[in-house]
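Source file: run.cif (mmCIF, C-alpha atoms)
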data_run
#
loop_
_atom_site.group_PDB
_atom_site.id
_atom_site.type_symbol
_atom_site.label_atom_id
_atom_site.label_comp_id
_atom_site.auth_asym_id
_atom_site.auth_seq_id
_atom_site.Cartn_x
_atom_site.Cartn_y
_atom_site.Cartn_z
ATOM 1 C CA MET A 248 91.952 106.997 108.746
ATOM 2 C CA ALA A 249 92.038 103.978 106.422
ATOM 3 C CA GLN A 250 89.002 103.342 104.278
ATOM 4 C CA GLN A 251 87.789 100.275 102.442
ATOM 5 C CA ILE A 252 87.626 101.210 98.781
ATOM 6 C CA LEU A 253 86.063 99.027 96.094
ATOM 7 C CA VAL A 254 87.704 99.486 92.704
ATOM 8 C CA PHE A 255 85.284 98.459 89.937
ATOM 9 C CA LEU A 256 86.853 97.533 86.600
ATOM 10 C CA GLY A 257 84.008 97.867 84.123
ATOM 11 C CA THR A 258 85.098 95.847 81.130
ATOM 12 C CA VAL A 259 84.683 92.210 80.166
ATOM 13 C CA ARG A 260 86.703 92.358 76.955
ATOM 14 C CA ASP A 261 89.684 89.978 77.003
ATOM 15 C CA SER A 262 90.733 89.803 73.385
ATOM 16 C CA THR A 263 92.521 91.659 70.626
ATOM 17 C CA PRO A 264 92.049 93.852 68.707
ATOM 18 C CA PRO A 265 92.356 96.384 70.188
ATOM 19 C CA ALA A 266 95.760 95.637 71.614
ATOM 20 C CA PRO A 267 96.876 95.163 74.268
ATOM 21 C CA ALA A 268 94.050 93.136 75.803
ATOM 22 C CA ARG A 269 92.661 94.138 79.208
ATOM 23 C CA LEU A 270 94.082 97.640 79.031
ATOM 24 C CA GLY A 271 91.784 98.720 81.857
ATOM 25 C CA LEU A 272 93.382 96.196 84.193
ATOM 26 C CA ARG A 273 96.602 98.213 83.973
ATOM 27 C CA VAL A 274 94.755 101.295 85.162
ATOM 28 C CA ALA A 275 93.022 99.336 87.924
ATOM 29 C CA ARG A 276 96.299 97.895 89.206
ATOM 30 C CA ALA A 277 97.923 101.316 89.213
ATOM 31 C CA LEU A 278 95.079 102.786 91.259
ATOM 32 C CA LEU A 279 95.086 99.843 93.671
ATOM 33 C CA GLN A 280 98.775 100.443 94.291
ATOM 34 C CA GLN A 281 98.223 104.169 94.826
ATOM 35 C CA LEU A 282 95.472 103.486 97.346
ATOM 36 C CA GLU A 283 97.547 100.912 99.217
ATOM 37 C CA ALA A 284 100.509 103.293 99.345
ATOM 38 C CA THR A 285 98.357 105.892 101.126
ATOM 39 C CA GLY A 286 97.148 103.426 103.760
ATOM 40 C CA HIS A 287 93.763 102.416 102.388
ATOM 41 C CA GLU A 288 92.311 98.936 101.917
ATOM 42 C CA PRO A 289 91.323 98.612 98.262
ATOM 43 C CA ASN A 290 89.745 95.567 96.646
ATOM 44 C CA LEU A 291 89.278 94.949 92.948
ATOM 45 C CA VAL A 292 85.877 94.052 91.526
ATOM 46 C CA ASP A 293 86.514 92.861 87.978
ATOM 47 C CA ALA A 294 83.341 92.653 85.886
ATOM 48 C CA LEU A 295 84.936 89.827 83.891
ATOM 49 C CA ALA A 296 85.169 87.671 87.020
ATOM 50 C CA ILE A 297 81.564 88.148 88.188
ATOM 51 C CA GLU A 298 78.967 85.644 86.954
ATOM 52 C CA LEU A 299 75.722 87.543 86.588
ATOM 53 C CA PRO A 300 72.263 85.986 86.216
ATOM 54 C CA VAL A 301 70.838 85.740 82.708
ATOM 55 C CA PRO A 302 68.321 87.120 81.969
ATOM 56 C CA PHE A 303 68.903 90.217 84.073
ATOM 57 C CA LYS A 304 67.519 90.061 87.582
ATOM 58 C CA PRO A 305 68.744 92.499 90.233
ATOM 59 C CA HIS A 306 70.026 91.238 93.540
ATOM 60 C CA PHE A 307 67.240 92.817 95.584
ATOM 61 C CA SER A 308 64.523 91.060 93.566
ATOM 62 C CA HIS A 309 65.625 87.577 94.646
ATOM 63 C CA ARG A 310 63.990 86.005 97.648
ATOM 64 C CA GLN A 311 66.193 85.939 100.720
ATOM 65 C CA GLY A 312 68.810 83.227 100.426
ATOM 66 C CA GLN A 313 68.067 82.556 96.763
ATOM 67 C CA ALA A 314 70.302 85.085 95.012
ATOM 68 C CA PRO A 315 73.384 83.810 93.155
ATOM 69 C CA GLU A 316 76.393 83.577 95.444
ATOM 70 C CA ALA A 317 78.364 86.075 93.353
ATOM 71 C CA LEU A 318 75.664 88.716 93.873
ATOM 72 C CA ASP A 319 75.424 88.058 97.607
ATOM 73 C CA THR A 320 79.192 88.340 97.986
ATOM 74 C CA LEU A 321 79.414 91.573 96.027
ATOM 75 C CA ALA A 322 76.431 93.061 97.856
ATOM 76 C CA GLU A 323 78.244 92.513 101.156
ATOM 77 C CA GLN A 324 81.399 94.119 99.757
ATOM 78 C CA ILE A 325 79.450 97.165 98.575
ATOM 79 C CA LYS A 326 77.704 97.445 101.930
ATOM 80 C CA ALA A 327 81.025 97.322 103.819
ATOM 81 C CA ALA A 328 82.861 99.767 101.545
ATOM 82 C CA ASP A 329 83.553 103.390 102.432
ATOM 83 C CA GLY A 330 83.955 104.544 98.837
ATOM 84 C CA PHE A 331 84.308 103.445 95.246
ATOM 85 C CA VAL A 332 86.545 103.928 92.227
ATOM 86 C CA MET A 333 84.684 103.322 88.964
ATOM 87 C CA ILE A 334 86.918 102.524 85.973
ATOM 88 C CA SER A 335 85.497 102.497 82.471
ATOM 89 C CA PRO A 336 86.471 102.676 78.818
ATOM 90 C CA GLU A 337 84.291 104.696 76.445
ATOM 91 C CA TYR A 338 81.636 103.256 74.158
ATOM 92 C CA ASN A 339 79.815 105.710 71.877
ATOM 93 C CA HIS A 340 80.491 108.638 74.233
ATOM 94 C CA ALA A 341 79.116 106.616 77.149
ATOM 95 C CA MET A 342 80.303 104.366 79.949
ATOM 96 C CA SER A 343 80.975 100.690 79.449
ATOM 97 C CA PRO A 344 77.790 98.581 79.151
ATOM 98 C CA ALA A 345 79.531 95.966 81.302
ATOM 99 C CA LEU A 346 79.974 98.430 84.178
ATOM 100 C CA ALA A 347 76.405 99.727 83.902
ATOM 101 C CA ASN A 348 75.066 96.177 83.833
ATOM 102 C CA LEU A 349 77.061 95.164 86.898
ATOM 103 C CA LEU A 350 76.075 98.200 88.970
ATOM 104 C CA ASN A 351 72.431 97.929 87.940
ATOM 105 C CA HIS A 352 72.162 94.645 89.838
ATOM 106 C CA PHE A 353 72.243 96.540 93.139
ATOM 107 C CA GLY A 354 69.922 99.124 94.623
ATOM 108 C CA SER A 355 71.053 102.593 95.568
ATOM 109 C CA SER A 356 70.642 101.812 99.272
ATOM 110 C CA LEU A 357 73.958 99.928 99.196
ATOM 111 C CA PHE A 358 75.859 102.774 97.525
ATOM 112 C CA SER A 359 74.167 105.779 99.113
ATOM 113 C CA TYR A 360 76.036 108.292 101.258
ATOM 114 C CA LYS A 361 79.410 107.040 100.070
ATOM 115 C CA PRO A 362 81.618 108.881 97.559
ATOM 116 C CA SER A 363 82.965 107.613 94.282
ATOM 117 C CA ALA A 364 85.778 108.554 91.922
ATOM 118 C CA ILE A 365 85.657 108.277 88.141
ATOM 119 C CA ALA A 366 88.609 106.903 86.170
ATOM 120 C CA THR A 367 88.490 106.410 82.406
ATOM 121 C CA TYR A 368 91.052 105.304 79.858
ATOM 122 C CA SER A 369 91.579 104.604 76.189
ATOM 123 C CA ALA A 370 94.139 103.355 73.715
ATOM 124 C CA GLY A 371 93.665 106.625 71.833
ATOM 125 C CA GLN A 372 93.995 110.295 72.615
ATOM 126 C CA TRP A 373 90.776 111.113 74.505
ATOM 127 C CA GLY A 374 91.196 108.940 77.591
ATOM 128 C CA GLY A 375 87.487 108.183 77.879
ATOM 129 C CA THR A 376 86.614 111.715 78.971
ATOM 130 C CA ARG A 377 83.203 111.687 77.274
ATOM 131 C CA ALA A 378 82.247 108.513 79.129
ATOM 132 C CA ALA A 379 83.082 110.278 82.383
ATOM 133 C CA VAL A 380 80.421 112.921 81.734
ATOM 134 C CA ASN A 381 77.834 110.180 81.346
ATOM 135 C CA MET A 382 79.069 108.414 84.483
ATOM 136 C CA ARG A 383 78.450 111.436 86.722
ATOM 137 C CA THR A 384 74.681 111.267 86.321
ATOM 138 C CA PHE A 385 74.624 107.476 86.632
ATOM 139 C CA LEU A 386 76.646 107.425 89.872
ATOM 140 C CA SER A 387 74.673 110.333 91.305
ATOM 141 C CA GLU A 388 71.467 108.363 90.802
ATOM 142 C CA LEU A 389 73.031 105.452 92.710
ATOM 143 C CA GLY A 390 73.755 107.853 95.545
ATOM 144 C CA CYS A 391 77.542 107.478 95.507
ATOM 145 C CA LEU A 392 78.248 111.034 94.408
ATOM 146 C CA PRO A 393 81.460 111.348 92.365
ATOM 147 C CA VAL A 394 84.117 113.752 93.612
ATOM 148 C CA SER A 395 84.925 116.727 91.395
ATOM 149 C CA ALA A 396 88.362 115.582 90.212
ATOM 150 C CA MET A 397 88.533 112.760 87.678
ATOM 151 C CA ILE A 398 91.247 110.543 86.212
ATOM 152 C CA HIS A 399 91.668 110.129 82.461
ATOM 153 C CA VAL A 400 94.442 108.026 80.931
ATOM 154 C CA PRO A 401 94.833 108.474 77.165
ATOM 155 C CA LYS A 402 97.118 105.999 75.367
ATOM 156 C CA ALA A 403 97.207 103.957 78.551
ATOM 157 C CA GLN A 404 99.409 101.328 76.906
ATOM 158 C CA GLU A 405 102.140 103.981 76.663
ATOM 159 C CA VAL A 406 101.800 104.956 80.344
ATOM 160 C CA LEU A 407 101.420 101.677 82.257
ATOM 161 C CA ASP A 408 102.736 98.149 81.920
ATOM 162 C CA SER A 409 100.640 95.022 82.491
ATOM 163 C CA GLN A 410 101.273 95.188 86.254
ATOM 164 C CA GLY A 411 100.174 98.814 86.597
ATOM 165 C CA GLN A 412 103.717 100.167 86.870
ATOM 166 C CA PHE A 413 104.715 103.318 85.016
ATOM 167 C CA LEU A 414 106.712 102.612 81.890
ATOM 168 C CA ASP A 415 110.234 103.885 81.350
ATOM 169 C CA GLY A 416 110.210 107.351 79.879
ATOM 170 C CA VAL A 417 106.964 108.286 81.605
ATOM 171 C CA ASP A 418 106.990 111.042 84.238
ATOM 172 C CA ALA A 419 105.926 108.731 87.068
ATOM 173 C CA GLU A 420 105.931 111.512 89.657
ATOM 174 C CA ALA A 421 103.583 113.667 87.587
ATOM 175 C CA TRP A 422 101.227 110.759 86.896
ATOM 176 C CA SER A 423 101.238 109.689 90.548
ATOM 177 C CA SER A 424 100.412 113.245 91.619
ATOM 178 C CA TYR A 425 97.642 113.381 89.018
ATOM 179 C CA PHE A 426 96.087 110.138 90.284
ATOM 180 C CA ASN A 427 96.356 111.268 93.889
ATOM 181 C CA ARG A 428 94.519 114.524 93.231
ATOM 182 C CA THR A 429 91.365 112.473 92.712
ATOM 183 C CA LEU A 430 92.129 109.751 95.239
ATOM 184 C CA LEU A 431 92.810 112.277 98.017
ATOM 185 C CA GLN A 432 89.433 113.904 97.353
ATOM 186 C CA LEU A 433 87.829 110.470 97.505
ATOM 187 C CA ALA A 434 89.578 109.698 100.812
ATOM 188 C CA TRP A 435 88.503 113.047 102.327
ATOM 189 C CA TRP A 436 84.837 112.486 101.502
ATOM 190 C CA ALA A 437 84.994 108.815 102.454
ATOM 191 C CA GLU A 438 86.324 109.708 105.899
ATOM 192 C CA ALA A 439 83.672 112.394 106.376
ATOM 193 C CA ALA A 440 80.883 109.988 105.403
ATOM 194 C CA GLN A 441 82.402 107.240 107.531
ATOM 195 C CA ARG A 442 82.295 109.488 110.608
ATOM 196 C CA GLN A 443 78.674 110.371 109.940
ATOM 197 C CA ARG A 444 77.727 106.697 109.692
ATOM 198 C CA GLN A 445 79.623 105.866 112.869
ATOM 199 C CA GLU A 446 77.633 108.559 114.666
ATOM 200 C CA GLY A 447 74.383 107.155 113.338
ATOM 201 C CA LYS A 448 73.791 110.072 110.977
ATOM 202 C CA THR A 449 72.843 108.184 107.844
ATOM 203 C CA GLY A 450 70.502 110.779 106.398
ATOM 204 C CA ARG A 451 68.045 108.072 105.387
ATOM 205 C CA ALA A 452 64.942 109.451 107.112
ATOM 206 C CA GLY A 453 63.583 110.830 103.847
ATOM 207 C CA ALA A 454 64.830 108.019 101.636
ATOM 208 C CA LEU A 455 62.661 106.314 99.059
ATOM 209 C CA ASN A 456 61.458 103.216 100.899
ATOM 210 C CA ARG A 457 57.844 102.480 99.979
ATOM 211 C CA ASP A 458 56.803 103.596 96.521
ATOM 212 C CA PRO A 459 58.420 105.360 93.542
ATOM 213 C CA ALA A 460 55.763 108.066 93.896
ATOM 214 C CA GLN A 461 57.721 109.306 96.927
ATOM 215 C CA ARG A 462 59.985 111.000 94.398
ATOM 216 C CA ASN A 463 57.137 113.161 93.152
ATOM 217 C CA ALA A 464 56.599 116.785 94.070
ATOM 218 C CA PRO A 465 53.498 117.457 96.211
#

Show me this structure written as structure tokens.
Amino acid sequence: MAQQILVFLGTVRDSTPPAPARLGLRVARALLQQLEATGHEPNLVDALAIELPVPFKPHFSHRQGQAPEALDTLAEQIKAADGFVMISPEYNHAMSPALANLLNHFGSSLFSYKPSAIATYSAGQWGGTRAAVNMRTFLSELGCLPVSAMIHVPKAQEVLDSQGQFLDGVDAEAWSSYFNRTLLQLAWWAEAAQRQRQEGKTGRAGALNRDPAQRNAP
């Protein structure tokens, strides 16, 4: 069963150094191609291309019909999606501020009961693994629980070209299999959640809907 997957690229850096610029876009394009090859309908959400309100104001705080068009459009995409791939570099052992800022514009009700996959990368040897640890708690709070497998791409400039194709000398089959380990988990959970939603089983009866004090223990 095909799912609609939103692939979030959480970086707004478009300059050098470090080189090459927009390294994360290589990872995003590779994952988009992998998802398309397995019959899914992925769409890229590039943080660099989204104009966000300044100062910060989340989408749900605008009066109806008064939110910026970019936020309305993305809110509809999130609502329609079956799952998410979150791509981030690492900043000080944490996820990209650009990705956190973008996701913080939307309430958990849009993300809830849909799975996510974490993909990190770097120009160096660690592949953003420490950012991934931070991302698990963040995505769990949004309600789009990350699957257990994760994708890390160290020295991404030596693995992928600017179009997301594997470079000569790289074991493309091994990398493709590695990517698919995570993406297949995402697809399995996305299909399960999709079926539940289609049957009207949203699990929202006990959701926070009136006051933050609903989170409190009795």

Select from range 257-365 of chain A every residue with an atom at most 12 Å from any atom of range 406-421 of chain A, then for each give the shortest pair of atoms and their distance in Å to one decimal, using all atoms listed in the file, rows by chain and rising number, as a Markdown table.
| residue | atom | partner | partner_atom | distance |
| --- | --- | --- | --- | --- |
| A:Ala266 | CA | A:Ser409 | CA | 11.9 |
| A:Pro267 | CA | A:Ser409 | CA | 9.0 |
| A:Ala268 | CA | A:Ser409 | CA | 9.6 |
| A:Arg269 | CA | A:Ser409 | CA | 8.7 |
| A:Leu270 | CA | A:Ser409 | CA | 7.9 |
| A:Gly271 | CA | A:Ser409 | CA | 9.6 |
| A:Leu272 | CA | A:Ser409 | CA | 7.5 |
| A:Arg273 | CA | A:Gly411 | CA | 4.5 |
| A:Val274 | CA | A:Gly411 | CA | 6.1 |
| A:Ala275 | CA | A:Gly411 | CA | 7.3 |
| A:Arg276 | CA | A:Gly411 | CA | 4.8 |
| A:Ala277 | CA | A:Gly411 | CA | 4.3 |
| A:Leu278 | CA | A:Gly411 | CA | 8.0 |
| A:Leu279 | CA | A:Gly411 | CA | 8.8 |
| A:Gln280 | CA | A:Gly411 | CA | 8.0 |
| A:Gln281 | CA | A:Gly411 | CA | 10.0 |

Take the PyMOL selection byres ((chain A and resi 371) around 10), run it mentally on this structure, and tell me the resulting residues as a list in words.
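Evaluating the PyMOL selection byres ((chain A and resi 371) around 10) on these coordinates yields Tyr368, Ser369, Ala370, Gln372, Trp373, Gly374, Gly375, Val400, Pro401, Lys402, Ala403 and Gln404 of chain A.
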
Given the file shown, enumerate the residues that the PyMOL selection byres ((chain A and resi 422-436) around 10) captures and present them as a PyMOL selection string.
chain A and resi 248-252+277-278+281-282+285+287+329-332+360-366+392-400+406+413+417-421+437-442

For C-alpha atoms, I'd like the residues from the last selection saved as an mmCIF file, keeping the file's coordinate frame.
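Printed below is again18.cif as written:
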data_model
loop_
_atom_site.group_PDB
_atom_site.id
_atom_site.type_symbol
_atom_site.label_atom_id
_atom_site.label_comp_id
_atom_site.auth_asym_id
_atom_site.auth_seq_id
_atom_site.Cartn_x
_atom_site.Cartn_y
_atom_site.Cartn_z
ATOM 1 C CA MET A 248 91.952 106.997 108.746
ATOM 2 C CA ALA A 249 92.038 103.978 106.422
ATOM 3 C CA GLN A 250 89.002 103.342 104.278
ATOM 4 C CA GLN A 251 87.789 100.275 102.442
ATOM 5 C CA ILE A 252 87.626 101.210 98.781
ATOM 6 C CA ALA A 277 97.923 101.316 89.213
ATOM 7 C CA LEU A 278 95.079 102.786 91.259
ATOM 8 C CA GLN A 281 98.223 104.169 94.826
ATOM 9 C CA LEU A 282 95.472 103.486 97.346
ATOM 10 C CA THR A 285 98.357 105.892 101.126
ATOM 11 C CA HIS A 287 93.763 102.416 102.388
ATOM 12 C CA ASP A 329 83.553 103.390 102.432
ATOM 13 C CA GLY A 330 83.955 104.544 98.837
ATOM 14 C CA PHE A 331 84.308 103.445 95.246
ATOM 15 C CA VAL A 332 86.545 103.928 92.227
ATOM 16 C CA TYR A 360 76.036 108.292 101.258
ATOM 17 C CA LYS A 361 79.410 107.040 100.070
ATOM 18 C CA PRO A 362 81.618 108.881 97.559
ATOM 19 C CA SER A 363 82.965 107.613 94.282
ATOM 20 C CA ALA A 364 85.778 108.554 91.922
ATOM 21 C CA ILE A 365 85.657 108.277 88.141
ATOM 22 C CA ALA A 366 88.609 106.903 86.170
ATOM 23 C CA LEU A 392 78.248 111.034 94.408
ATOM 24 C CA PRO A 393 81.460 111.348 92.365
ATOM 25 C CA VAL A 394 84.117 113.752 93.612
ATOM 26 C CA SER A 395 84.925 116.727 91.395
ATOM 27 C CA ALA A 396 88.362 115.582 90.212
ATOM 28 C CA MET A 397 88.533 112.760 87.678
ATOM 29 C CA ILE A 398 91.247 110.543 86.212
ATOM 30 C CA HIS A 399 91.668 110.129 82.461
ATOM 31 C CA VAL A 400 94.442 108.026 80.931
ATOM 32 C CA VAL A 406 101.800 104.956 80.344
ATOM 33 C CA PHE A 413 104.715 103.318 85.016
ATOM 34 C CA VAL A 417 106.964 108.286 81.605
ATOM 35 C CA ASP A 418 106.990 111.042 84.238
ATOM 36 C CA ALA A 419 105.926 108.731 87.068
ATOM 37 C CA GLU A 420 105.931 111.512 89.657
ATOM 38 C CA ALA A 421 103.583 113.667 87.587
ATOM 39 C CA ALA A 437 84.994 108.815 102.454
ATOM 40 C CA GLU A 438 86.324 109.708 105.899
ATOM 41 C CA ALA A 439 83.672 112.394 106.376
ATOM 42 C CA ALA A 440 80.883 109.988 105.403
ATOM 43 C CA GLN A 441 82.402 107.240 107.531
ATOM 44 C CA ARG A 442 82.295 109.488 110.608
#

Quick check, in Å to one decimal: how far apart do CA of Leu256 in chain A and CA of Ile334 in chain A lie?
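CA of Ile334 in chain A lies at a distance of 5.0 Å from CA of Leu256 in chain A.
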
To one decimal place, how far is CA of Pro300 in chain A from CA of Phe385 in chain A in Å?
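Those two atoms sit 21.6 Å apart.
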
Give me the residues within 7 Å of Leu291 in chain A as JSON, numbers by chain, counting all atoms listed in the file and dropping any in the same chain fewer than 2 places off.
{"A": [253, 254, 255, 289, 293]}

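The space between CA of Phe307 in chain A and CA of Gln443 in chain A spans 25.4 Å.
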